[in-house]
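This is start.txt. It holds compact mmCIF, C-alpha atoms.
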```
# COMPACT_ATOMS: atom_id res chain seq x y z
CA MET A 1 304.77 -138.47 7.28
CA ASP A 2 307.72 -139.36 9.49
CA ALA A 3 310.15 -138.60 6.67
CA LEU A 4 308.42 -135.30 5.99
CA LYS A 5 308.56 -134.33 9.67
CA GLN A 6 312.23 -135.28 9.90
CA GLY A 7 313.05 -133.19 6.85
CA ALA A 8 311.01 -130.25 8.14
CA ASP A 9 312.71 -130.41 11.54
CA ALA A 10 316.15 -130.55 9.92
CA LEU A 11 315.34 -127.53 7.75
CA PHE A 12 313.86 -125.65 10.72
CA ILE A 13 316.90 -125.99 12.94
CA LEU A 14 319.24 -125.42 9.99
CA MET A 15 317.55 -122.07 9.38
CA GLY A 16 318.09 -121.24 13.03
CA ALA A 17 321.76 -122.20 12.78
CA VAL A 18 322.25 -119.94 9.76
CA MET A 19 320.51 -117.03 11.50
CA VAL A 20 322.71 -117.37 14.57
CA LEU A 21 325.77 -117.81 12.36
CA ALA A 22 324.87 -114.44 10.85
CA MET A 23 324.86 -112.98 14.37
CA HIS A 24 328.63 -113.46 14.43
CA ALA A 25 328.85 -110.84 11.71
CA GLY A 26 326.91 -108.66 14.13
CA PHE A 27 329.46 -109.32 16.88
CA ALA A 28 332.22 -108.38 14.44
CA PHE A 29 330.70 -105.10 13.30
CA LEU A 30 329.57 -104.12 16.79
CA GLU A 31 333.19 -104.45 17.94
CA LEU A 32 334.57 -102.85 14.77
CA GLY A 33 332.38 -99.79 15.25
CA THR A 34 333.22 -99.44 18.94
CA VAL A 35 337.01 -99.84 18.96
CA ARG A 36 339.44 -97.24 17.68
CA GLY A 37 340.37 -97.25 14.00
CA LYS A 38 343.74 -98.92 14.59
CA ASN A 39 342.03 -102.05 15.96
CA GLN A 40 339.25 -102.62 13.42
CA VAL A 41 340.95 -105.30 11.33
CA ASN A 42 341.72 -107.24 14.49
CA ALA A 43 338.06 -107.16 15.50
CA LEU A 44 337.00 -108.70 12.20
CA VAL A 45 339.70 -111.35 12.15
CA LYS A 46 339.16 -112.41 15.78
CA ILE A 47 335.47 -113.17 15.35
CA LEU A 48 335.97 -115.28 12.23
CA VAL A 49 338.97 -117.22 13.55
CA ASP A 50 337.39 -117.71 16.98
CA PHE A 51 334.34 -119.18 15.26
CA SER A 52 336.54 -121.53 13.21
CA VAL A 53 338.44 -122.75 16.28
CA SER A 54 335.14 -123.15 18.14
CA THR A 55 333.73 -125.31 15.34
CA VAL A 56 336.61 -127.77 15.36
CA VAL A 57 336.80 -128.00 19.16
CA TYR A 58 333.04 -128.26 19.73
CA PHE A 59 332.76 -130.94 17.02
CA ALA A 60 335.65 -132.98 18.42
CA VAL A 61 335.15 -132.48 22.16
CA GLY A 62 332.61 -129.93 23.38
CA TYR A 63 329.41 -131.44 22.04
CA SER A 64 330.33 -134.78 23.56
CA VAL A 65 331.01 -133.13 26.93
CA ALA A 66 327.57 -131.51 26.88
CA TYR A 67 325.45 -134.29 25.35
CA GLY A 68 327.46 -137.47 25.63
CA THR A 69 327.48 -138.20 21.93
CA GLY A 70 330.01 -137.59 19.19
CA PHE A 71 330.42 -137.70 15.44
CA PHE A 72 333.28 -140.12 14.87
CA VAL A 73 331.06 -142.69 13.17
CA GLY A 74 330.27 -143.44 9.55
CA ALA A 75 328.63 -140.80 7.36
CA GLU A 76 325.71 -143.19 6.76
CA GLN A 77 324.87 -143.05 10.46
CA LEU A 78 325.30 -139.29 10.56
CA ALA A 79 322.93 -138.85 7.61
CA ALA A 80 320.10 -140.69 9.39
CA HIS A 81 316.88 -138.74 9.92
CA ASN A 82 317.90 -136.25 7.23
CA GLY A 83 321.08 -135.43 9.15
CA TYR A 84 319.10 -133.86 11.99
CA ALA A 85 321.82 -134.69 14.56
CA LEU A 86 324.35 -132.79 12.47
CA VAL A 87 322.28 -129.64 12.00
CA LYS A 88 321.41 -129.72 15.71
CA PHE A 89 325.16 -129.70 16.37
CA PHE A 90 325.50 -126.77 13.94
CA PHE A 91 322.77 -124.86 15.77
CA LEU A 92 324.22 -125.47 19.23
CA LEU A 93 327.74 -124.71 17.95
CA THR A 94 326.64 -121.19 17.06
CA PHE A 95 325.61 -120.74 20.70
CA ALA A 96 328.94 -122.09 21.96
CA ALA A 97 330.92 -119.86 19.60
CA ALA A 98 329.09 -116.82 21.00
CA ILE A 99 331.14 -117.17 24.19
CA PRO A 100 334.52 -116.17 22.66
CA ALA A 101 332.71 -113.54 20.55
CA ILE A 102 331.39 -112.00 23.77
CA ILE A 103 334.82 -112.14 25.43
CA SER A 104 336.44 -110.56 22.37
CA GLY A 105 334.57 -107.31 22.91
CA GLY A 106 335.72 -106.99 26.51
CA ILE A 107 339.42 -107.55 25.89
CA ALA A 108 339.65 -105.56 22.66
CA GLU A 109 342.55 -103.26 21.75
CA ARG A 110 345.26 -104.76 23.97
CA ALA A 111 344.99 -108.57 23.95
CA LYS A 112 347.40 -110.90 22.17
CA PHE A 113 345.93 -112.93 19.32
CA TRP A 114 347.17 -116.50 19.81
CA PRO A 115 346.63 -116.76 23.59
CA GLN A 116 342.99 -115.81 23.01
CA LEU A 117 342.64 -118.64 20.51
CA ILE A 118 344.00 -121.06 23.15
CA ALA A 119 341.45 -119.69 25.61
CA THR A 120 338.71 -120.15 23.01
CA ALA A 121 339.62 -123.81 22.57
CA VAL A 122 339.53 -124.50 26.32
CA ILE A 123 336.33 -122.54 26.92
CA VAL A 124 334.36 -124.00 24.00
CA GLY A 125 335.80 -127.49 24.47
CA VAL A 126 335.32 -127.84 28.23
CA VAL A 127 334.17 -124.84 30.26
CA TYR A 128 331.00 -123.90 28.39
CA PRO A 129 329.77 -127.41 27.50
CA PHE A 130 330.23 -128.56 31.11
CA PHE A 131 327.56 -126.11 32.31
CA GLU A 132 325.56 -126.53 29.10
CA GLY A 133 325.27 -130.25 29.88
CA ILE A 134 324.08 -129.51 33.41
CA ALA A 135 321.42 -127.00 32.36
CA TRP A 136 320.21 -128.52 29.09
CA ASN A 137 321.02 -132.23 29.37
CA GLY A 138 320.51 -133.05 33.04
CA HIS A 139 324.11 -133.99 33.80
CA PHE A 140 325.15 -135.04 37.32
CA GLY A 141 321.54 -134.90 38.55
CA VAL A 142 321.78 -131.18 39.25
CA GLN A 143 318.43 -130.35 37.66
CA ALA A 144 316.79 -133.19 39.60
CA TRP A 145 318.34 -131.82 42.81
CA ILE A 146 317.05 -128.31 42.09
CA LYS A 147 313.60 -129.73 41.38
CA SER A 148 313.62 -131.65 44.66
CA LEU A 149 314.35 -128.41 46.51
CA THR A 150 311.99 -126.05 44.71
CA GLY A 151 309.50 -128.15 42.78
CA ALA A 152 310.81 -127.00 39.39
CA GLU A 153 313.97 -127.34 37.34
CA PHE A 154 316.15 -124.39 36.39
CA HIS A 155 314.61 -123.00 33.21
CA ASP A 156 316.71 -121.31 30.53
CA PHE A 157 314.94 -121.70 27.21
CA ALA A 158 317.46 -119.92 24.97
CA GLY A 159 320.47 -119.16 27.10
CA SER A 160 320.23 -115.98 29.18
CA VAL A 161 322.44 -117.75 31.72
CA VAL A 162 323.90 -120.72 29.82
CA VAL A 163 325.27 -118.54 27.02
CA HIS A 164 325.17 -114.86 27.95
CA ALA A 165 325.81 -114.79 31.67
CA VAL A 166 328.49 -117.46 31.33
CA GLY A 167 330.17 -115.52 28.52
CA GLY A 168 329.94 -112.23 30.38
CA TRP A 169 331.35 -113.55 33.65
CA ILE A 170 334.21 -115.34 31.92
CA ALA A 171 334.94 -112.06 30.14
CA LEU A 172 335.04 -110.17 33.45
CA GLY A 173 337.91 -112.34 34.66
CA ALA A 174 339.77 -111.85 31.38
CA VAL A 175 339.27 -108.07 31.46
CA TRP A 176 340.41 -107.85 35.07
CA LEU A 177 343.55 -109.92 34.50
CA LEU A 178 344.39 -108.07 31.30
CA GLY A 179 344.13 -104.62 32.85
CA ALA A 180 342.95 -101.35 31.36
CA ARG A 181 344.14 -99.93 28.08
CA ARG A 182 347.13 -97.64 28.51
CA ASN A 183 346.28 -94.06 29.46
CA ARG A 184 342.61 -94.99 29.87
CA TYR A 185 342.65 -93.94 33.53
CA ARG A 186 344.85 -91.03 34.58
CA ARG A 187 346.65 -90.69 37.88
CA ASP A 188 344.55 -87.67 38.81
CA GLY A 189 341.44 -89.86 38.66
CA GLY A 190 340.32 -88.68 35.24
CA VAL A 191 339.05 -91.00 32.52
CA ALA A 192 340.23 -90.63 28.94
CA ALA A 193 337.24 -90.78 26.60
CA THR A 194 337.40 -93.29 23.75
CA PRO A 195 334.34 -92.63 21.56
CA PRO A 196 333.22 -95.26 19.03
CA SER A 197 335.16 -95.14 15.78
CA SER A 198 332.09 -95.69 13.60
CA ILE A 199 328.50 -95.31 14.74
CA PRO A 200 327.23 -96.68 11.39
CA PHE A 201 329.23 -99.89 11.77
CA LEU A 202 328.20 -100.17 15.44
CA ALA A 203 324.55 -99.75 14.41
CA LEU A 204 324.95 -102.31 11.61
CA GLY A 205 326.34 -104.82 14.08
CA ALA A 206 323.46 -104.19 16.48
CA TRP A 207 320.88 -104.66 13.73
CA ILE A 208 322.46 -107.90 12.46
CA LEU A 209 322.48 -109.25 16.01
CA THR A 210 318.89 -108.17 16.61
CA VAL A 211 317.53 -109.85 13.48
CA GLY A 212 319.57 -113.02 14.03
CA TRP A 213 318.36 -113.20 17.62
CA PHE A 214 314.93 -114.34 16.43
CA GLY A 215 316.67 -117.47 15.19
CA PHE A 216 318.52 -117.69 18.49
CA ASN A 217 315.27 -117.64 20.48
CA VAL A 218 312.50 -119.01 18.25
CA MET A 219 314.55 -121.90 16.84
CA SER A 220 315.57 -122.97 20.35
CA ALA A 221 312.37 -125.05 20.11
CA GLN A 222 314.59 -127.30 17.91
CA THR A 223 311.63 -129.04 16.23
CA LEU A 224 308.91 -127.54 14.09
CA ASP A 225 306.02 -128.85 16.19
CA LYS A 226 307.31 -126.93 19.22
CA ILE A 227 307.61 -123.55 17.52
CA SER A 228 305.84 -120.76 19.37
CA GLY A 229 304.81 -117.32 18.21
CA LEU A 230 304.92 -116.34 21.87
CA VAL A 231 308.71 -116.61 21.80
CA ALA A 232 308.91 -114.34 18.74
CA VAL A 233 306.66 -111.62 20.13
CA ASN A 234 308.27 -111.76 23.57
CA SER A 235 311.65 -111.29 21.89
CA LEU A 236 310.26 -108.33 19.95
CA MET A 237 308.80 -106.70 23.07
CA ALA A 238 311.97 -107.17 25.08
CA MET A 239 314.00 -105.71 22.24
CA VAL A 240 311.95 -102.52 22.05
CA GLY A 241 311.76 -102.26 25.83
CA GLY A 242 315.55 -102.36 26.05
CA THR A 243 315.88 -99.82 23.25
CA LEU A 244 313.51 -97.26 24.79
CA ALA A 245 314.96 -97.64 28.29
CA ALA A 246 318.51 -97.21 26.97
CA LEU A 247 317.41 -94.16 24.99
CA LEU A 248 316.06 -92.48 28.12
CA MET A 249 318.79 -93.62 30.52
CA GLY A 250 321.56 -92.94 28.04
CA LYS A 251 320.29 -89.46 27.15
CA ASN A 252 320.12 -90.12 23.40
CA ASP A 253 323.64 -91.59 23.21
CA PRO A 254 323.67 -93.75 20.05
CA GLY A 255 326.04 -96.29 21.59
CA PHE A 256 323.58 -96.93 24.40
CA VAL A 257 320.58 -96.86 22.04
CA HIS A 258 322.03 -99.60 19.84
CA ASN A 259 323.08 -101.77 22.77
CA GLY A 260 319.65 -101.39 24.37
CA PRO A 261 317.88 -103.95 22.14
CA LEU A 262 320.71 -106.39 22.76
CA ALA A 263 320.33 -105.99 26.53
CA GLY A 264 316.61 -106.69 26.25
CA LEU A 265 317.16 -109.73 24.06
CA VAL A 266 319.82 -111.14 26.40
CA ALA A 267 317.40 -110.88 29.31
CA VAL A 268 314.38 -112.41 27.60
CA CYS A 269 316.15 -115.54 26.33
CA ALA A 270 315.53 -117.59 29.49
CA GLY A 271 311.80 -117.03 29.79
CA SER A 272 310.80 -116.10 26.25
CA ASP A 273 308.71 -119.25 25.97
CA LEU A 274 306.78 -118.52 29.17
CA MET A 275 306.25 -114.80 29.66
CA HIS A 276 303.33 -112.61 28.65
CA PRO A 277 304.44 -110.01 26.07
CA MET A 278 303.89 -107.20 28.58
CA GLY A 279 306.12 -109.03 31.04
CA ALA A 280 308.75 -109.34 28.31
CA LEU A 281 308.51 -105.60 27.70
CA VAL A 282 309.20 -104.93 31.37
CA VAL A 283 312.07 -107.41 31.46
CA GLY A 284 313.65 -105.82 28.39
CA ALA A 285 313.24 -102.29 29.74
CA ALA A 286 314.82 -103.27 33.05
CA ALA A 287 317.74 -104.79 31.14
CA GLY A 288 318.23 -101.55 29.22
CA VAL A 289 318.43 -99.66 32.53
CA ILE A 290 320.84 -102.23 33.99
CA PHE A 291 323.15 -101.97 30.99
CA VAL A 292 323.40 -98.18 30.86
CA PHE A 293 323.77 -97.77 34.62
CA MET A 294 326.29 -100.57 35.08
CA PHE A 295 328.31 -99.71 31.95
CA THR A 296 328.74 -96.18 33.26
CA LEU A 297 329.56 -97.41 36.76
CA THR A 298 332.12 -100.00 35.65
CA GLN A 299 333.87 -97.65 33.24
CA ASN A 300 333.95 -94.48 35.34
CA ARG A 301 333.78 -95.52 38.99
CA LEU A 302 335.04 -99.10 39.19
CA LYS A 303 337.56 -98.44 36.38
CA ILE A 304 337.02 -101.79 34.70
CA ASP A 305 338.03 -101.24 31.09
CA ASP A 306 335.48 -103.54 29.48
CA VAL A 307 335.59 -102.00 26.00
CA LEU A 308 332.16 -103.08 24.71
CA GLY A 309 330.59 -103.43 28.14
CA VAL A 310 330.16 -107.18 27.75
CA TRP A 311 329.96 -107.84 31.49
CA PRO A 312 327.01 -105.45 32.02
CA LEU A 313 325.38 -106.44 28.72
CA HIS A 314 325.77 -110.21 28.80
CA GLY A 315 326.89 -110.99 32.34
CA LEU A 316 324.46 -108.86 34.34
CA CYS A 317 321.54 -108.73 31.90
CA GLY A 318 321.91 -112.51 31.56
CA VAL A 319 321.67 -112.86 35.33
CA TRP A 320 318.60 -110.62 35.33
CA GLY A 321 317.08 -112.76 32.58
CA GLY A 322 317.59 -115.97 34.52
CA ILE A 323 315.93 -114.51 37.60
CA ALA A 324 313.22 -112.68 35.64
CA ALA A 325 312.06 -115.98 34.12
CA GLY A 326 311.18 -117.08 37.66
CA ILE A 327 309.10 -113.93 38.18
CA PHE A 328 307.43 -113.03 34.88
CA GLY A 329 307.17 -116.66 33.75
CA THR A 330 304.76 -117.42 36.59
CA GLN A 331 301.01 -117.33 36.20
CA THR A 332 300.86 -114.54 38.78
CA PHE A 333 302.43 -112.22 36.22
CA GLY A 334 300.51 -113.58 33.24
CA GLY A 335 303.03 -116.26 32.25
CA LEU A 336 302.51 -119.93 31.53
CA GLY A 337 303.93 -121.12 34.86
CA GLY A 338 306.02 -124.17 35.60
CA VAL A 339 308.95 -122.15 36.93
CA HIS A 340 310.09 -121.28 40.44
CA LEU A 341 312.06 -118.22 41.49
CA GLY A 342 314.21 -120.26 43.85
CA ALA A 343 315.20 -122.66 41.07
CA GLN A 344 316.09 -119.74 38.83
CA ILE A 345 318.26 -118.13 41.48
CA ILE A 346 320.10 -121.39 42.21
CA GLY A 347 320.73 -122.17 38.54
CA THR A 348 321.81 -118.62 37.78
CA LEU A 349 324.24 -118.50 40.70
CA MET A 350 325.73 -121.82 39.64
CA GLY A 351 326.35 -120.46 36.16
CA VAL A 352 327.91 -117.25 37.50
CA ILE A 353 330.22 -119.05 39.93
CA TRP A 354 331.32 -121.62 37.36
CA ALA A 355 331.99 -118.96 34.73
CA GLY A 356 333.72 -116.54 37.09
CA VAL A 357 336.08 -119.14 38.53
CA SER A 358 336.76 -120.69 35.12
CA GLY A 359 337.52 -117.32 33.55
CA LEU A 360 340.04 -116.46 36.24
CA LEU A 361 341.63 -119.90 35.99
CA VAL A 362 341.91 -120.07 32.17
CA TYR A 363 343.16 -116.53 31.69
CA GLY A 364 345.27 -116.64 34.86
CA VAL A 365 347.20 -119.64 33.56
CA LEU A 366 347.66 -118.00 30.16
CA LYS A 367 348.86 -114.77 31.77
CA LYS A 368 351.49 -116.67 33.79
CA THR A 369 352.68 -118.80 30.87
CA VAL A 370 352.40 -117.13 27.46
CA GLY A 371 351.12 -113.70 28.48
CA LEU A 372 347.86 -112.01 27.56
CA ARG A 373 348.78 -108.50 26.61
CA LEU A 374 350.41 -106.73 23.70
CA SER A 375 353.55 -104.76 24.46
CA GLN A 376 353.27 -101.03 25.09
CA GLU A 377 354.60 -100.28 21.61
CA GLN A 378 352.25 -102.78 19.95
CA GLU A 379 349.25 -101.37 21.79
CA PHE A 380 350.24 -97.84 20.77
CA ASP A 381 350.57 -98.86 17.12
CA GLY A 382 347.30 -100.80 17.32
CA ALA A 383 346.46 -104.46 16.93
CA ASP A 384 345.89 -104.08 13.19
CA LEU A 385 349.49 -103.19 12.36
CA SER A 386 351.05 -105.14 15.25
CA ILE A 387 349.28 -108.44 14.54
CA HIS A 388 347.94 -108.30 10.98
CA HIS A 389 350.36 -105.79 9.40
CA ILE A 390 347.64 -103.80 7.66
CA SER A 391 345.17 -101.14 8.66
CA ALA A 392 341.46 -101.06 7.88
CA THR A 393 341.98 -98.16 5.45
CA PRO A 394 345.57 -98.32 4.16
CA GLU A 395 346.69 -94.87 3.08
CA ARG A 396 349.62 -96.09 0.99
CA GLU A 397 348.83 -96.38 -2.67
CA ALA A 398 350.23 -99.22 -4.71
CA SER A 399 353.03 -98.17 -7.00
CA TRP A 400 352.99 -99.52 -10.49
```

Would you mind writing the structure in this file as structure tokens?
Amino acid sequence: MDALKQGADALFILMGAVMVLAMHAGFAFLELGTVRGKNQVNALVKILVDFSVSTVVYFAVGYSVAYGTGFFVGAEQLAAHNGYALVKFFFLLTFAAAIPAIISGGIAERAKFWPQLIATAVIVGVVYPFFEGIAWNGHFGVQAWIKSLTGAEFHDFAGSVVVHAVGGWIALGAVWLLGARRNRYRRDGGVAATPPSSIPFLALGAWILTVGWFGFNVMSAQTLDKISGLVAVNSLMAMVGGTLAALLMGKNDPGFVHNGPLAGLVAVCAGSDLMHPMGALVVGAAAGVIFVFMFTLTQNRLKIDDVLGVWPLHGLCGVWGGIAAGIFGTQTFGGLGGVHLGAQIIGTLMGVIWAGVSGLLVYGVLKKTVGLRLSQEQEFDGADLSIHHISATPEREASW
């Protein structure tokens, strides 16, 4: 029976890893459909190469930083227990690689290619796993300290704060240091509209992310005996809550509608194992409102040119999710309990501060040394031709 359980657990978490791996296709198509046509190839290439760099760095360094164990031992040892340790790494890698995928959407259309890969290596190798180890592996006694203050540890079941808020707040620093796209904001105070290049591709990306998210959340149990249908249904309710709220707040705008489910899913990650489904619906709906309102505010009033709105979507909805777990996860609101609002606020603030400072530091050093931004001519031509020397739909026909 032990062998059967080990094999089942390995298969369970492997399925989760594959589902979250598929989400990276969602990141790619969401960005492809949002950016202008001259930057579509770059969107696709960035996500794939960022994931590849993340894999190598997380395998060699990041996983050890977070969990204190590595893989530089014999294959016989790695294959023990049906290779469960390896597929657990694979699963958690897909979470780590989501950080540069999130950042990619914020800095699209004007960022250099190679400096971003350097940033990816530093973030996935050190920045992200440092906080991951604190939240999910009890490093430095921080969770014990929070529990001594509030009576409960900081709870983040599937990463509202650890993954999404951290990614979103790192991205904010990168976007701010990079500056707005040229001619995005006019001297007279006007804002140049940049509509999505392809609503179908944007919608495809949103759907791939939405489906994969059930692996992101449900498989965060990590073993088959801990699987919970509550997590699945809470994810579903938050998804539809975010969609309907974004529909109403965004006045039928398809860009908002297709980001609405993502906002709801970001927010429910932390407390999806604790909330009542009606609480998850409310949390998701509130996230949809937060995204639409804050996306509009940042773009038009604050003039932060966050192309895909990754700070409102991941940064702010992730913060809301961390706090909401301390409200709707309690028995007072129909949840399972075992959480404390104070603990959630402390843990969430720690994640935000760490990510915000780290983002400014990593991208600030890169800006001073190798530079972050394409030249004016390269940005005008587009990242596809400037970096990859081909467009998404080449008009030149081959001559034979």

Within 10 Å of Pro254 of chain A, counting all atoms listed in the file, which residues show up once you throw out same-chain ones fewer than 4 positions away? Write them as a ChimeraX atom specification, please. /A:196,199-200,202-203,246-247,250,258-260

Might you pull out every residue within 10 Å of Leu209 of chain A, with only C-alpha atoms counted and same-chain residues fewer than 5 positions away left off, and present them as number ranges by chain? A: 19-30, 203-204, 214, 216, 261-262, 265

Residue selection dump (C-alpha atoms) as a PDB file, in the coordinates of the input:
```pdb
ATOM      1  CA  MET A  19     320.510-117.030  11.500  1.00  0.00           C
ATOM      2  CA  VAL A  20     322.710-117.370  14.570  1.00  0.00           C
ATOM      3  CA  LEU A  21     325.770-117.810  12.360  1.00  0.00           C
ATOM      4  CA  ALA A  22     324.870-114.440  10.850  1.00  0.00           C
ATOM      5  CA  MET A  23     324.860-112.980  14.370  1.00  0.00           C
ATOM      6  CA  HIS A  24     328.630-113.460  14.430  1.00  0.00           C
ATOM      7  CA  ALA A  25     328.850-110.840  11.710  1.00  0.00           C
ATOM      8  CA  GLY A  26     326.910-108.660  14.130  1.00  0.00           C
ATOM      9  CA  PHE A  27     329.460-109.320  16.880  1.00  0.00           C
ATOM     10  CA  ALA A  28     332.220-108.380  14.440  1.00  0.00           C
ATOM     11  CA  PHE A  29     330.700-105.100  13.300  1.00  0.00           C
ATOM     12  CA  LEU A  30     329.570-104.120  16.790  1.00  0.00           C
ATOM     13  CA  ALA A 203     324.550 -99.750  14.410  1.00  0.00           C
ATOM     14  CA  LEU A 204     324.950-102.310  11.610  1.00  0.00           C
ATOM     15  CA  PHE A 214     314.930-114.340  16.430  1.00  0.00           C
ATOM     16  CA  PHE A 216     318.520-117.690  18.490  1.00  0.00           C
ATOM     17  CA  PRO A 261     317.880-103.950  22.140  1.00  0.00           C
ATOM     18  CA  LEU A 262     320.710-106.390  22.760  1.00  0.00           C
ATOM     19  CA  LEU A 265     317.160-109.730  24.060  1.00  0.00           C
TER      20      LEU A 265
END
```

Within 7 Å of Gly167 of chain A using only C-alpha atoms, minus same-chain residues under 6 positions, as a ChimeraX atom specification: /A:99,102-103,314-315

Non-local contacts of Trp311 of chain A (7 Å; all atoms listed in the file; under 4 positions in same chain excluded) as a PyMOL selection string: chain A and resi 168-169+171-172+315-316

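The closest residue to Leu313 of chain A, picked from A:Thr369, A:Thr194, A:Thr332, A:Thr296 and counting only C-alpha atoms, is A:Thr296.
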
What's the separation between atom CA of Phe380 of chain A and atom CA of Glu109 of chain A, in Å to one decimal place? 9.5 Å

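Each of A:Lys147, A:Val211, A:Leu177, A:Gly342 was compared to Leu360 of chain A using only C-alpha atoms, and A:Leu177 turns out to be the nearest.
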
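Atom CA of Gly264 of chain A lies 10.0 Å from atom CA of Leu244 of chain A.
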
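Of the residues listed (A:Cys317, A:Val166, A:Ala111, A:Leu224), A:Ala111 shows the shortest atom-to-atom separation from Val370 of chain A; distances use all atoms listed in the file.
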
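Put simply, atom CA of Leu349 of chain A is 14.0 Å away from atom CA of Glu153 of chain A.
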
Anything within 6 Å of (317.4, -130.2, 12.6): list those residues as a list in words, counting all atoms listed in the file and sticking to the file's coordinates. Asp9, Ala10, Leu11, Ile13, Leu14, Tyr84, Val87 and Lys88 of chain A

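Counting all atoms listed in the file, the residue from A:Gly37, A:Gly337, A:Gly279, A:Gly7 that sits nearest to Ala383 of chain A is A:Gly37.
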
Could you write out as AutoDock Vina command-line options the box around segment 87-102 of chain A (axis-aligned, all atoms listed in the file, 8 Å on each side), with centre and edge lengths in Å to one decimal?
```
--center_x 328.0 --center_y -120.9 --center_z 18.1 --size_x 29.1 --size_y 33.7 --size_z 28.2
```

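Of the listed residues A:Val307, A:Val65, A:Val266, A:Ala325, the one whose atoms come nearest to Val35 of chain A is A:Val307, with distances taken using all atoms listed in the file.
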